[in-house]
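A quick write-up on the structure given underneath.
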Amino acid sequence: MRHISVEPPAFFRRGPSPFARLVLLGVISLALLFADTRFRYLENVRQVVAIILYPLQRAAQMPGEALAYVGAFFGSQRALSDDNAALRRQLVAQGPAVQGFPALQEDNARLNGLLGLRPHYGRAAIAVEVLYTGRDPFAQKLFVDRGADGGVAAGEAVIDAQGVVGQVTRVFPFMAEVTLISDKDHAVPVKVLRSGVRSVLFGAGAGRLPELRFTAPNADVQVGDVLVTSGIDGTYPAGLAVAQVATLERDTGQMFARITARPLAGVDRSQHLLVLGQAAAVPPRPDEPVEADPVKKGSRGKSRRGG
Amino acid sequence: MIVLPKMMPPLSPARPEEILRPARPWFILFTLFLGLAGNLFPFSGVAEVLKPDFLALVLLYWCIQEPRFVGVGTAWSVGLLMDVGDATLFGQHALAYAVLAYGAEYFRRRVLRFPLWQQAAQVAVLLGLCAAIVLLIRYVAGAPLPRWTYVVPPLVGALLWPLVSVMLQWPQRPPSSASDL
């Protein structure tokens, strides 16, 4: 009985075996992954791809938009009038606050002038609409319909009617990417409206409430407290509502309290958003003291230049 | 043994003993492009949760049917394109698709012998492996764990497998296979 060779004849060979290729390409992929996490070298390529994909994405949305348009056209008179009445009630309810606002603003300007603070408002705001949410299940991002053409710039704050939604992180020619405050890599400097305690609100990823980290267990925070932006970072203007404290866990064994907060804005629901223009230039950060002499760490304040 | 309901002959999947014509290279490229477009297509709401990895499905089909044209190398390069389009980490899909293609290479000889629903179960394993690799890479790179709905797309992809395989083998069916054997 003849033994049949398992190896194919030489003329059927097609280069290295699949396993060899897998190993080689796997090593290359790991190198690319490492380089990308470290150096972020793909930004230009992404701009080009975004331009190429833009018509495709708009075309994809057309059926939905057409349906919505037809639906709105045939929307019942009743729904419209209900809507109208609700809006009118809301307008009246907000009347006192709105009417008092110019006076408050003037007061504020005077007081700020007295205190020698620079006026930090005077921003242009751009109304945008959400195009679609990001495809990446690991990140909390969405895309809006104005980009560099509409004057949107990276680093600008994005809000809706209730509070802060996020921050513009990438600007493409016709759209912009907004990282939501629930994204894991996102942090908002906030303060507790009631007590003035400052902290930083860190996103925790999809389906989890953002956390107030690095807050001492004895800090003056209560469940239900409203957190507003403190304006310290120069990205978010001060005083925007961000979140409401949802849970609070003080454990004396821990260094910090465990505080989660529920965003006030419809972070994953709002369709219409507002991009706030960039703040007046923040003075440059003072240089870090030279770390040549670790013994002098205690007297860091002395080596800091006046700003 | 489950007997598939009799449909229009060209709509039913090819039996293993049927000999298909070789696929045209441009058709393979075109379907890969369609898969890529499907992946980059912005979905929202429920569709976003259900959306399978179309490109992985198409790649898997060609890796099984035409291993001479589409193999580990092709899958890897297509994965790179997907990474660029997806604006996420560069190389995650490349690695995942390369492993997917290798898995397809490993059991392409027997997978077509099974009835479609058993093929779909094996495809679910491969697509799940692909998703697990992406999850592992992102987790190591510092991303949080996604919601539990992350396991849904591979299953939807497996359910779509019969449809995808019938659609992709359509141009390769010889005219004689239209008549029942």
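Simple scheme: letters A, B, ... for chains in structure tokens order, numbers from 1 for residues in each chain, numbers from 1 for ligands in the order shown.
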Margin query: Contacts from chain A to chain B, 10 Å maximum, only C-alpha atoms: show me the residue list as a VMD selection string.
Written below: chain A and resid 14 17 to 37 40 to 43 45 to 50 52 to 53 56 to 61 131 to 139 183 to 185 204 to 208
Notebook entry, point to check: DSSP says alpha helix (DSSP H) for which residues of range 67-128 of chain A? Put them as a ChimeraX atom specification?
Noted result: /A:67-73,77-115
Restricting it to N, CA and C atoms, dump the selection as a CSV table (one decimal), in the first residue's frame.
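Done, and the output landed in part_26.csv:
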```
chain,number,residue,atom,x,y,z
A,67,LEU,N,-38.2,60.4,6.2
A,67,LEU,CA,-39.4,59.9,7.0
A,67,LEU,C,-39.8,60.9,8.1
A,68,ALA,N,-38.8,61.4,8.8
A,68,ALA,CA,-39.1,62.4,9.9
A,68,ALA,C,-39.8,63.6,9.3
A,69,TYR,N,-39.3,64.0,8.1
A,69,TYR,CA,-39.9,65.2,7.5
A,69,TYR,C,-41.4,64.9,7.2
A,70,VAL,N,-41.6,63.8,6.5
A,70,VAL,CA,-43.0,63.4,6.2
A,70,VAL,C,-43.9,63.3,7.4
A,71,GLY,N,-43.3,62.7,8.5
A,71,GLY,CA,-44.0,62.5,9.7
A,71,GLY,C,-44.4,63.9,10.3
A,72,ALA,N,-43.4,64.8,10.3
A,72,ALA,CA,-43.7,66.1,10.9
A,72,ALA,C,-44.8,66.8,10.1
A,73,PHE,N,-44.7,66.6,8.7
A,73,PHE,CA,-45.7,67.3,7.9
A,73,PHE,C,-47.1,66.9,8.2
A,77,GLN,N,-52.5,68.3,14.3
A,77,GLN,CA,-52.7,69.7,14.8
A,77,GLN,C,-52.7,69.7,16.4
A,78,ARG,N,-53.3,68.6,16.9
A,78,ARG,CA,-53.4,68.5,18.4
A,78,ARG,C,-52.0,68.5,19.0
A,79,ALA,N,-51.1,67.6,18.5
A,79,ALA,CA,-49.8,67.5,19.0
A,79,ALA,C,-49.1,68.9,19.0
A,80,LEU,N,-49.2,69.6,17.9
A,80,LEU,CA,-48.5,70.9,17.7
A,80,LEU,C,-49.1,71.9,18.7
A,81,SER,N,-50.4,71.9,18.9
A,81,SER,CA,-50.9,72.9,19.8
A,81,SER,C,-50.5,72.5,21.3
A,82,ASP,N,-50.5,71.2,21.6
A,82,ASP,CA,-50.1,70.8,22.9
A,82,ASP,C,-48.7,71.3,23.2
A,83,ASP,N,-47.8,71.0,22.2
A,83,ASP,CA,-46.4,71.4,22.3
A,83,ASP,C,-46.3,72.9,22.5
A,84,ASN,N,-47.1,73.7,21.7
A,84,ASN,CA,-47.1,75.1,21.8
A,84,ASN,C,-47.4,75.6,23.2
A,85,ALA,N,-48.5,75.0,23.7
A,85,ALA,CA,-49.0,75.4,25.1
A,85,ALA,C,-47.9,75.1,26.1
A,86,ALA,N,-47.3,73.9,26.0
A,86,ALA,CA,-46.2,73.5,26.9
A,86,ALA,C,-45.1,74.5,26.9
A,87,LEU,N,-44.7,74.9,25.7
A,87,LEU,CA,-43.6,75.8,25.5
A,87,LEU,C,-43.9,77.2,26.1
A,88,ARG,N,-45.2,77.6,25.9
A,88,ARG,CA,-45.6,78.9,26.4
A,88,ARG,C,-45.5,78.9,27.9
A,89,ARG,N,-46.0,77.8,28.5
A,89,ARG,CA,-46.0,77.7,30.0
A,89,ARG,C,-44.5,77.8,30.5
A,90,GLN,N,-43.7,77.1,29.8
A,90,GLN,CA,-42.3,77.0,30.1
A,90,GLN,C,-41.7,78.4,30.1
A,91,LEU,N,-42.1,79.2,29.0
A,91,LEU,CA,-41.6,80.5,28.8
A,91,LEU,C,-42.0,81.4,30.0
A,92,VAL,N,-43.3,81.3,30.4
A,92,VAL,CA,-43.7,82.1,31.5
A,92,VAL,C,-43.0,81.7,32.8
A,93,ALA,N,-42.8,80.4,33.0
A,93,ALA,CA,-42.2,79.9,34.2
A,93,ALA,C,-40.8,80.5,34.3
A,94,GLN,N,-40.1,80.6,33.1
A,94,GLN,CA,-38.8,81.1,33.2
A,94,GLN,C,-38.7,82.6,33.2
A,95,GLY,N,-39.8,83.2,33.1
A,95,GLY,CA,-39.9,84.7,33.0
A,95,GLY,C,-39.1,85.4,34.1
A,96,PRO,N,-39.3,85.1,35.4
A,96,PRO,CA,-38.6,85.8,36.4
A,96,PRO,C,-37.1,85.7,36.3
A,97,ALA,N,-36.7,84.5,36.0
A,97,ALA,CA,-35.2,84.3,35.9
A,97,ALA,C,-34.6,85.2,34.7
A,98,VAL,N,-35.4,85.1,33.6
A,98,VAL,CA,-34.9,85.8,32.4
A,98,VAL,C,-34.9,87.3,32.6
A,99,GLN,N,-36.0,87.8,33.2
A,99,GLN,CA,-36.1,89.2,33.4
A,99,GLN,C,-35.1,89.8,34.3
A,100,GLY,N,-34.8,88.9,35.3
A,100,GLY,CA,-33.8,89.4,36.3
A,100,GLY,C,-32.4,89.3,35.7
A,101,PHE,N,-32.2,88.6,34.6
A,101,PHE,CA,-30.8,88.3,34.2
A,101,PHE,C,-30.0,89.5,33.8
A,102,PRO,N,-30.6,90.4,33.0
A,102,PRO,CA,-29.7,91.6,32.6
A,102,PRO,C,-29.2,92.3,33.9
A,103,ALA,N,-30.1,92.5,34.8
A,103,ALA,CA,-29.7,93.2,36.0
A,103,ALA,C,-28.6,92.5,36.7
A,104,LEU,N,-28.8,91.1,36.8
A,104,LEU,CA,-27.8,90.3,37.5
A,104,LEU,C,-26.5,90.4,36.8
A,105,GLN,N,-26.6,90.4,35.4
A,105,GLN,CA,-25.3,90.4,34.6
A,105,GLN,C,-24.6,91.7,34.9
A,106,GLU,N,-25.3,92.8,35.0
A,106,GLU,CA,-24.7,94.1,35.2
A,106,GLU,C,-24.1,94.1,36.6
A,107,ASP,N,-24.8,93.6,37.6
A,107,ASP,CA,-24.3,93.5,38.9
A,107,ASP,C,-23.0,92.8,38.9
A,108,ASN,N,-23.1,91.6,38.2
A,108,ASN,CA,-22.0,90.7,38.2
A,108,ASN,C,-20.7,91.4,37.6
A,109,ALA,N,-21.0,92.1,36.5
A,109,ALA,CA,-19.9,92.8,35.8
A,109,ALA,C,-19.2,93.8,36.7
A,110,ARG,N,-20.1,94.5,37.4
A,110,ARG,CA,-19.6,95.5,38.3
A,110,ARG,C,-18.7,94.9,39.4
A,111,LEU,N,-19.3,93.8,40.0
A,111,LEU,CA,-18.6,93.2,41.1
A,111,LEU,C,-17.3,92.6,40.6
A,112,ASN,N,-17.4,91.9,39.4
A,112,ASN,CA,-16.1,91.4,38.8
A,112,ASN,C,-15.1,92.4,38.6
A,113,GLY,N,-15.6,93.6,38.1
A,113,GLY,CA,-14.7,94.7,37.9
A,113,GLY,C,-14.0,95.1,39.2
A,114,LEU,N,-14.8,95.2,40.2
A,114,LEU,CA,-14.3,95.5,41.5
A,114,LEU,C,-13.2,94.6,42.0
A,115,LEU,N,-13.5,93.3,41.7
A,115,LEU,CA,-12.5,92.3,42.1
A,115,LEU,C,-11.4,92.1,41.2
```
Note to self: Taking 5 positions as the minimum chain separation for residues in the same chain, which residues sit within 7 Å of Phe202 in chain A when counting only C-alpha atoms? Answer as a PyMOL selection string.
What the structure shows: chain A and resi 184+186-188+210-213
Just write the chosen residues, N, CA and C atoms, as an mmCIF file, in the first residue's frame.
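The result, stored in again_32.cif:
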```cif
data_model
loop_
_atom_site.group_PDB
_atom_site.id
_atom_site.type_symbol
_atom_site.label_atom_id
_atom_site.label_comp_id
_atom_site.auth_asym_id
_atom_site.auth_seq_id
_atom_site.Cartn_x
_atom_site.Cartn_y
_atom_site.Cartn_z
ATOM 1 N N LYS A 184 -14.706 57.495 29.557
ATOM 2 C CA LYS A 184 -13.779 57.162 30.642
ATOM 3 C C LYS A 184 -12.578 58.100 30.680
ATOM 4 N N HIS A 186 -12.557 61.252 30.158
ATOM 5 C CA HIS A 186 -12.992 62.631 30.220
ATOM 6 C C HIS A 186 -13.135 63.087 31.669
ATOM 7 N N ALA A 187 -12.696 64.307 31.946
ATOM 8 C CA ALA A 187 -12.802 64.839 33.305
ATOM 9 C C ALA A 187 -13.293 66.275 33.245
ATOM 10 N N VAL A 188 -14.204 66.648 34.119
ATOM 11 C CA VAL A 188 -14.706 68.015 34.199
ATOM 12 C C VAL A 188 -14.397 68.558 35.592
ATOM 13 N N PRO A 210 -20.819 58.865 36.169
ATOM 14 C CA PRO A 210 -19.523 59.502 36.409
ATOM 15 C C PRO A 210 -19.232 59.605 37.907
ATOM 16 N N GLU A 211 -17.963 59.691 38.226
ATOM 17 C CA GLU A 211 -17.536 59.669 39.621
ATOM 18 C C GLU A 211 -16.825 60.960 39.993
ATOM 19 N N LEU A 212 -17.032 61.393 41.243
ATOM 20 C CA LEU A 212 -16.229 62.490 41.792
ATOM 21 C C LEU A 212 -15.051 61.850 42.494
ATOM 22 N N ARG A 213 -13.862 61.998 41.921
ATOM 23 C CA ARG A 213 -12.725 61.323 42.541
ATOM 24 C C ARG A 213 -11.935 62.300 43.393
#
```
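Residues in contact with Trp26 in chain B at 12 Å, where only C-alpha atoms are counted and same-chain residues fewer than 6 positions away are skipped, are listed as Leu32, Phe33 and Phe69 of chain B.
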Next item on the list: Tell me which protein, DNA and RNA residues are within 10 Å of Glu17 in chain B, counting only C-alpha atoms, leaving out same-chain ones fewer than 2 positions away, and put them as a VMD selection string.
Entry: chain B and resid 14 to 15 19 to 20 112 to 113
Mind writing the picked residues with N, CA and C atoms as a PDB file, in the first residue's frame?
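Writing the result to out-v6.pdb gives the following:
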```pdb
ATOM      1  N   ALA B  14     -26.003  26.356  -1.805  1.00  0.00           N
ATOM      2  CA  ALA B  14     -25.419  25.291  -2.616  1.00  0.00           C
ATOM      3  C   ALA B  14     -25.126  24.102  -1.733  1.00  0.00           C
ATOM      4  N   ARG B  15     -25.443  22.909  -2.234  1.00  0.00           N
ATOM      5  CA  ARG B  15     -25.078  21.716  -1.474  1.00  0.00           C
ATOM      6  C   ARG B  15     -23.577  21.496  -1.596  1.00  0.00           C
ATOM      7  N   ILE B  19     -20.530  21.995  -7.523  1.00  0.00           N
ATOM      8  CA  ILE B  19     -19.261  22.664  -7.817  1.00  0.00           C
ATOM      9  C   ILE B  19     -19.557  24.078  -8.271  1.00  0.00           C
ATOM     10  N   LEU B  20     -19.008  25.023  -7.558  1.00  0.00           N
ATOM     11  CA  LEU B  20     -19.250  26.427  -7.891  1.00  0.00           C
ATOM     12  C   LEU B  20     -18.178  26.903  -8.855  1.00  0.00           C
ATOM     13  N   LEU B 112     -18.382  23.561   5.485  1.00  0.00           N
ATOM     14  CA  LEU B 112     -19.429  23.564   4.461  1.00  0.00           C
ATOM     15  C   LEU B 112     -20.181  22.241   4.420  1.00  0.00           C
ATOM     16  N   ARG B 113     -19.680  21.243   5.085  1.00  0.00           N
ATOM     17  CA  ARG B 113     -20.359  19.945   5.105  1.00  0.00           C
ATOM     18  C   ARG B 113     -21.573  19.968   6.033  1.00  0.00           C
TER      19      ARG B 113
END
```
Item checked: Near-Asp220 in chain A list (9 Å; only C-alpha atoms; drop same-chain fewer than 6 positions) as number ranges by chain -> A: 192, 194-197
